[in-house]
Amino acid sequence: MKNIKFVDPLTTNIEKKNLNAALKSGWLSHGPYVENFEKKFCKLLNSKYSISVNNGTNAILLILMALNFKRGDEILVPSFCYISPIHMLKVLGLVPVPVDIELSNLQINTNQIEKKISKKTSAILLIHNYGSICELKKIKRIAKKKNLYIIEDVSEVLFSKQNNNFVGDCNWYNSEKIISYASLHASKTLIAGEGGIIITNSKKISLKLKILRNHGQKGKPYFYAMTGGNFRLSNLLASISYSQLLRVREIIKKKQLLNSIYEKKLSKNAKFSIMSDPKNFKSIKWGFPILLKKKNDKENIMKILNRNSTLCRPGFYSLSKLNHLKIFKNKLTSKLDFKNAEIANKNVIVLPMHTKIKINDVNKICNEILNYFKKI
Ligand SMILES: Cc1ncc(COP(=O)(O)O)c(C=O)c1O
């Protein structure tokens, strides 16, 4: 089990060749790889516009700026998720309203959404945790009825398909009211190293995002039409993401293989559960989560698996446990909104899904987990 890491990005000669070409070209900041990557990305997803940025956290920040939300606007979020989107809401003075998750798939509980909507609600932020998927059909119905924006964070589910459509393509809801984004961090399915990508089918929103990404500059040098920032992805890093798109079929295939091995070895076990996905969903997971049942299993298994290196990770903290968020100040929030999130926090571990990992090592990881349960 030596040398297996949770994050271990695979780069090939294709990435090296393009990175070298970008270096040689002298285009180190903005440059042709940025545009080529963006074009190729939205073509692949079957979406109209994609706007690259310098990380996933800035992707959501830029989106929130572009959609003109006002301070105090409420945005529904899952109470168990990666923290950065929540932090960006706080940075802009928006109010994250937590909705509990379901333990069967670790996604926002759709049945809890409607009662969390108030007059101040502007959007639902869907964060598809670990490569499973929220119930888009039901969520669309609610969002349409209440005229809400939908923002989809597809960082951990990129290239998954539902009904043969890529998750995050923005084709399933009113194009002016939906936007999605993904992190291109080194741990993700598609990497830049540090980077992010925003997807929209609205020309208006895409133009605004491009202006905001470059300090608010519009039309001519040093003329600024709105308050923006520097959110640009560098040409060097875009060359890596572009290269990855050239071999995206290979990446998807390997991830599907890893998923099928984990599923085969770890499903139907009374001591823990794996996520249940809908039939028409082909998952490309960021990491493979398992939900343990007994106290101490998480610590014990992590100790065994991580004895040589950080091979598996714990689940996220429930937002209720992060005091700096002052989440209970929100009148809409009660302890019940974190019931499953806190269970997930105590009992989830996440196994590696990167494309460098060997099949033999995945089998070994599964066997170590199964052996642990045989012994106790
Ligand atoms: C779901 C999700 N959203 C946002 C981010 C933040 O992206 P970045 O690290 O590129 O800023 C991450 C992780 O990196 C993530 O997993």
# chains A, B, ... in the order shown; residues from 1 in each chain; ligands from 1

call {"tool": "closest_atom_pairs", "arguments": {"of": "chain A", "to": "ligand 1", "cutoff": "10 Å", "atoms": "only C-alpha atoms and all ligand atoms", "output": "Markdown table"}}
result
| residue | atom | partner | partner_atom_place_in_ligand_line | distance |
| --- | --- | --- | --- | --- |
| A:Val53 | CA | ligand 1 | 10 (O) | 9.3 |
| A:Asn54 | CA | ligand 1 | 10 (O) | 7.7 |
| A:Asn55 | CA | ligand 1 | 10 (O) | 4.0 |
| A:Gly56 | CA | ligand 1 | 7 (O) | 3.5 |
| A:Thr57 | CA | ligand 1 | 11 (O) | 3.7 |
| A:Asn58 | CA | ligand 1 | 11 (O) | 6.5 |
| A:Ala59 | CA | ligand 1 | 11 (O) | 7.8 |
| A:Ile60 | CA | ligand 1 | 4 (C) | 7.8 |
| A:Cys81 | CA | ligand 1 | 1 (C) | 6.8 |
| A:Tyr82 | CA | ligand 1 | 1 (C) | 5.2 |
| A:Ile83 | CA | ligand 1 | 4 (C) | 7.3 |
| A:Ser84 | CA | ligand 1 | 4 (C) | 5.4 |
| A:Pro85 | CA | ligand 1 | 4 (C) | 6.0 |
| A:Ile86 | CA | ligand 1 | 4 (C) | 9.3 |
| A:Leu126 | CA | ligand 1 | 1 (C) | 9.4 |
| A:Ile127 | CA | ligand 1 | 1 (C) | 5.9 |
| A:His128 | CA | ligand 1 | 1 (C) | 7.0 |
| A:Asn129 | CA | ligand 1 | 1 (C) | 6.5 |
| A:Tyr130 | CA | ligand 1 | 1 (C) | 7.9 |
| A:Gly131 | CA | ligand 1 | 1 (C) | 9.6 |
| A:Glu152 | CA | ligand 1 | 1 (C) | 9.5 |
| A:Asp153 | CA | ligand 1 | 1 (C) | 5.9 |
| A:Val154 | CA | ligand 1 | 1 (C) | 6.7 |
| A:Ser155 | CA | ligand 1 | 1 (C) | 4.9 |
| A:Glu156 | CA | ligand 1 | 1 (C) | 5.5 |
| A:Val157 | CA | ligand 1 | 1 (C) | 8.5 |
| A:Tyr181 | CA | ligand 1 | 3 (N) | 8.4 |
| A:Ala182 | CA | ligand 1 | 3 (N) | 6.8 |
| A:Ser183 | CA | ligand 1 | 10 (O) | 4.1 |
| A:Leu184 | CA | ligand 1 | 10 (O) | 5.6 |
| A:His185 | CA | ligand 1 | 10 (O) | 4.6 |
| A:Ala186 | CA | ligand 1 | 10 (O) | 8.3 |
| A:Ser187 | CA | ligand 1 | 14 (O) | 7.4 |
| A:Lys188 | CA | ligand 1 | 14 (O) | 7.5 |
| A:Ile191 | CA | ligand 1 | 10 (O) | 9.4 |
| A:Ala192 | CA | ligand 1 | 10 (O) | 9.2 |
| A:Gly193 | CA | ligand 1 | 10 (O) | 8.4 |
| A:Glu194 | CA | ligand 1 | 10 (O) | 5.8 |
| A:Gly195 | CA | ligand 1 | 10 (O) | 5.6 |
| A:Gly196 | CA | ligand 1 | 10 (O) | 5.9 |
| A:Ile197 | CA | ligand 1 | 10 (O) | 9.3 |
| A:Trp286 | CA | ligand 1 | 16 (O) | 8.2 |
| A:Gly287 | CA | ligand 1 | 16 (O) | 10.0 |

call {"tool": "closest_atom_pairs", "arguments": {"of": "region 242-294 of chain A", "to": "region 311-322 of chain A", "cutoff": "12 Å", "atoms": "only C-alpha atoms", "output": "JSON lines"}}
result
{"residue": "A:Trp286", "atom": "CA", "partner": "A:Arg313", "partner_atom": "CA", "distance": 11.9}
{"residue": "A:Gly287", "atom": "CA", "partner": "A:Cys312", "partner_atom": "CA", "distance": 8.9}
{"residue": "A:Phe288", "atom": "CA", "partner": "A:Cys312", "partner_atom": "CA", "distance": 9.3}
{"residue": "A:Pro289", "atom": "CA", "partner": "A:Gly315", "partner_atom": "CA", "distance": 7.9}
{"residue": "A:Ile290", "atom": "CA", "partner": "A:Gly315", "partner_atom": "CA", "distance": 9.2}
{"residue": "A:Leu291", "atom": "CA", "partner": "A:Gly315", "partner_atom": "CA", "distance": 9.2}
{"residue": "A:Leu292", "atom": "CA", "partner": "A:Gly315", "partner_atom": "CA", "distance": 10.9}

call {"tool": "write_last_selection", "arguments": {"atoms": "C-alpha atoms", "output": "PDB file, in the first residue's frame"}}
result
ATOM      1  CA  TRP A 286     -13.997  12.671  -7.662  1.00  0.00           C
ATOM      2  CA  GLY A 287     -13.484  10.265  -4.764  1.00  0.00           C
ATOM      3  CA  PHE A 288     -15.308   7.084  -3.749  1.00  0.00           C
ATOM      4  CA  PRO A 289     -17.188   7.694  -0.479  1.00  0.00           C
ATOM      5  CA  ILE A 290     -18.313   4.981   1.884  1.00  0.00           C
ATOM      6  CA  LEU A 291     -20.625   5.508   4.829  1.00  0.00           C
ATOM      7  CA  LEU A 292     -19.599   3.486   7.868  1.00  0.00           C
TER       8      LEU A 292
END

call {"tool": "atom_distance", "arguments": {"atom1": "CA of Leu233 (chain A)", "atom2": "CA of Phe80 (chain A)"}}
result
28.6 Å

call {"tool": "residues_around", "arguments": {"residues": "Val167 (chain A)", "least_positions_apart": "4", "cutoff": "8 Å", "atoms": "only C-alpha atoms", "output": "JSON, numbers by chain"}}
result
{"A": [154, 157, 158, 159, 160, 161, 162]}

call {"tool": "write_last_selection", "arguments": {"atoms": "C-alpha atoms", "output": "tab-separated table (two decimals), in the first residue's frame"}}
result
chain	number	residue	atom	x	y	z
A	154	VAL	CA	-19.94	20.14	-10.70
A	157	VAL	CA	-19.04	15.15	-10.64
A	158	LEU	CA	-17.47	16.47	-13.84
A	159	PHE	CA	-18.10	14.31	-16.94
A	160	SER	CA	-20.82	12.29	-15.24
A	161	LYS	CA	-23.85	11.86	-17.44
A	162	GLN	CA	-27.53	11.77	-16.68

call {"tool": "residues_around", "arguments": {"residues": "Asn296 (chain A)", "least_positions_apart": "3", "cutoff": "9 Å", "atoms": "only C-alpha atoms", "output": "MDAnalysis selection string"}}
result
chainID A and resid 299:301 346:347

call {"tool": "closest_residue", "arguments": {"among": "A:Asn201, A:Asn174, A:Ser118, A:Thr355", "to": "Lys253 (chain A)", "atoms": "only C-alpha atoms"}}
result
A:Thr355

call {"tool": "closest_residue", "arguments": {"among": "A:Leu245, A:Ile343, A:Leu236, A:Ile252", "to": "Ser25 (chain A)", "atoms": "only C-alpha atoms"}}
result
A:Leu236

call {"tool": "decode", "arguments": {"residues": "region 249-319 of chain A", "atoms": "C-alpha atoms", "output": "compact mmCIF listing (two decimals), in the first residue's frame"}}
result
# COMPACT_ATOMS: atom_id res chain seq x y z
CA ARG A 249 -12.11 9.60 -23.20
CA GLU A 250 -9.16 7.80 -21.61
CA ILE A 251 -9.68 9.68 -18.31
CA ILE A 252 -13.40 8.87 -18.29
CA LYS A 253 -12.77 5.22 -19.12
CA LYS A 254 -10.25 4.77 -16.30
CA LYS A 255 -12.56 6.48 -13.80
CA GLN A 256 -15.44 4.24 -14.85
CA LEU A 257 -13.25 1.20 -14.38
CA LEU A 258 -12.20 2.31 -10.89
CA ASN A 259 -15.82 2.96 -9.97
CA SER A 260 -16.92 -0.46 -11.14
CA ILE A 261 -14.20 -2.20 -9.12
CA TYR A 262 -15.06 -0.31 -5.94
CA GLU A 263 -18.75 -0.99 -6.50
CA LYS A 264 -18.20 -4.68 -7.11
CA LYS A 265 -16.02 -5.18 -4.05
CA LEU A 266 -17.79 -2.87 -1.62
CA SER A 267 -21.50 -3.08 -2.38
CA LYS A 268 -23.99 -5.08 -0.32
CA ASN A 269 -22.09 -5.06 2.93
CA ALA A 270 -24.03 -4.74 6.18
CA LYS A 271 -21.17 -2.86 7.91
CA PHE A 272 -21.13 0.13 5.56
CA SER A 273 -22.84 1.47 2.49
CA ILE A 274 -21.83 2.96 -0.83
CA MET A 275 -23.82 5.67 -2.60
CA SER A 276 -26.92 4.74 -4.55
CA ASP A 277 -27.25 6.53 -7.87
CA PRO A 278 -30.26 6.70 -10.18
CA LYS A 279 -30.41 4.16 -13.03
CA ASN A 280 -29.94 6.66 -15.82
CA PHE A 281 -26.83 8.17 -14.21
CA LYS A 282 -23.25 7.34 -15.23
CA SER A 283 -21.06 8.58 -12.43
CA ILE A 284 -17.52 9.90 -12.79
CA LYS A 285 -16.49 10.30 -9.21
CA TRP A 286 -14.00 12.67 -7.66
CA GLY A 287 -13.48 10.26 -4.76
CA PHE A 288 -15.31 7.08 -3.75
CA PRO A 289 -17.19 7.69 -0.48
CA ILE A 290 -18.31 4.98 1.88
CA LEU A 291 -20.62 5.51 4.83
CA LEU A 292 -19.60 3.49 7.87
CA LYS A 293 -22.07 2.57 10.54
CA LYS A 294 -20.30 2.07 13.85
CA LYS A 295 -18.46 4.46 16.10
CA ASN A 296 -14.66 4.25 15.68
CA ASP A 297 -14.79 2.47 12.31
CA LYS A 298 -13.80 5.67 10.55
CA GLU A 299 -10.76 6.33 12.75
CA ASN A 300 -9.69 2.68 12.68
CA ILE A 301 -9.95 2.26 8.92
CA MET A 302 -8.26 5.59 8.24
CA LYS A 303 -5.41 4.57 10.51
CA ILE A 304 -4.96 1.31 8.60
CA LEU A 305 -5.23 2.80 5.10
CA ASN A 306 -3.17 5.89 5.83
CA ARG A 307 -0.33 4.16 7.62
CA ASN A 308 2.17 4.98 4.84
CA SER A 309 0.66 8.01 3.14
CA THR A 310 -2.62 9.94 2.94
CA LEU A 311 -4.56 7.49 0.84
CA CYS A 312 -8.08 8.19 2.06
CA ARG A 313 -9.75 11.30 3.41
CA PRO A 314 -12.44 11.92 6.00
CA GLY A 315 -15.82 13.34 4.95
CA PHE A 316 -16.55 17.06 5.23
CA TYR A 317 -17.62 18.71 8.45
CA SER A 318 -21.30 19.53 8.78
CA LEU A 319 -21.75 23.31 8.45
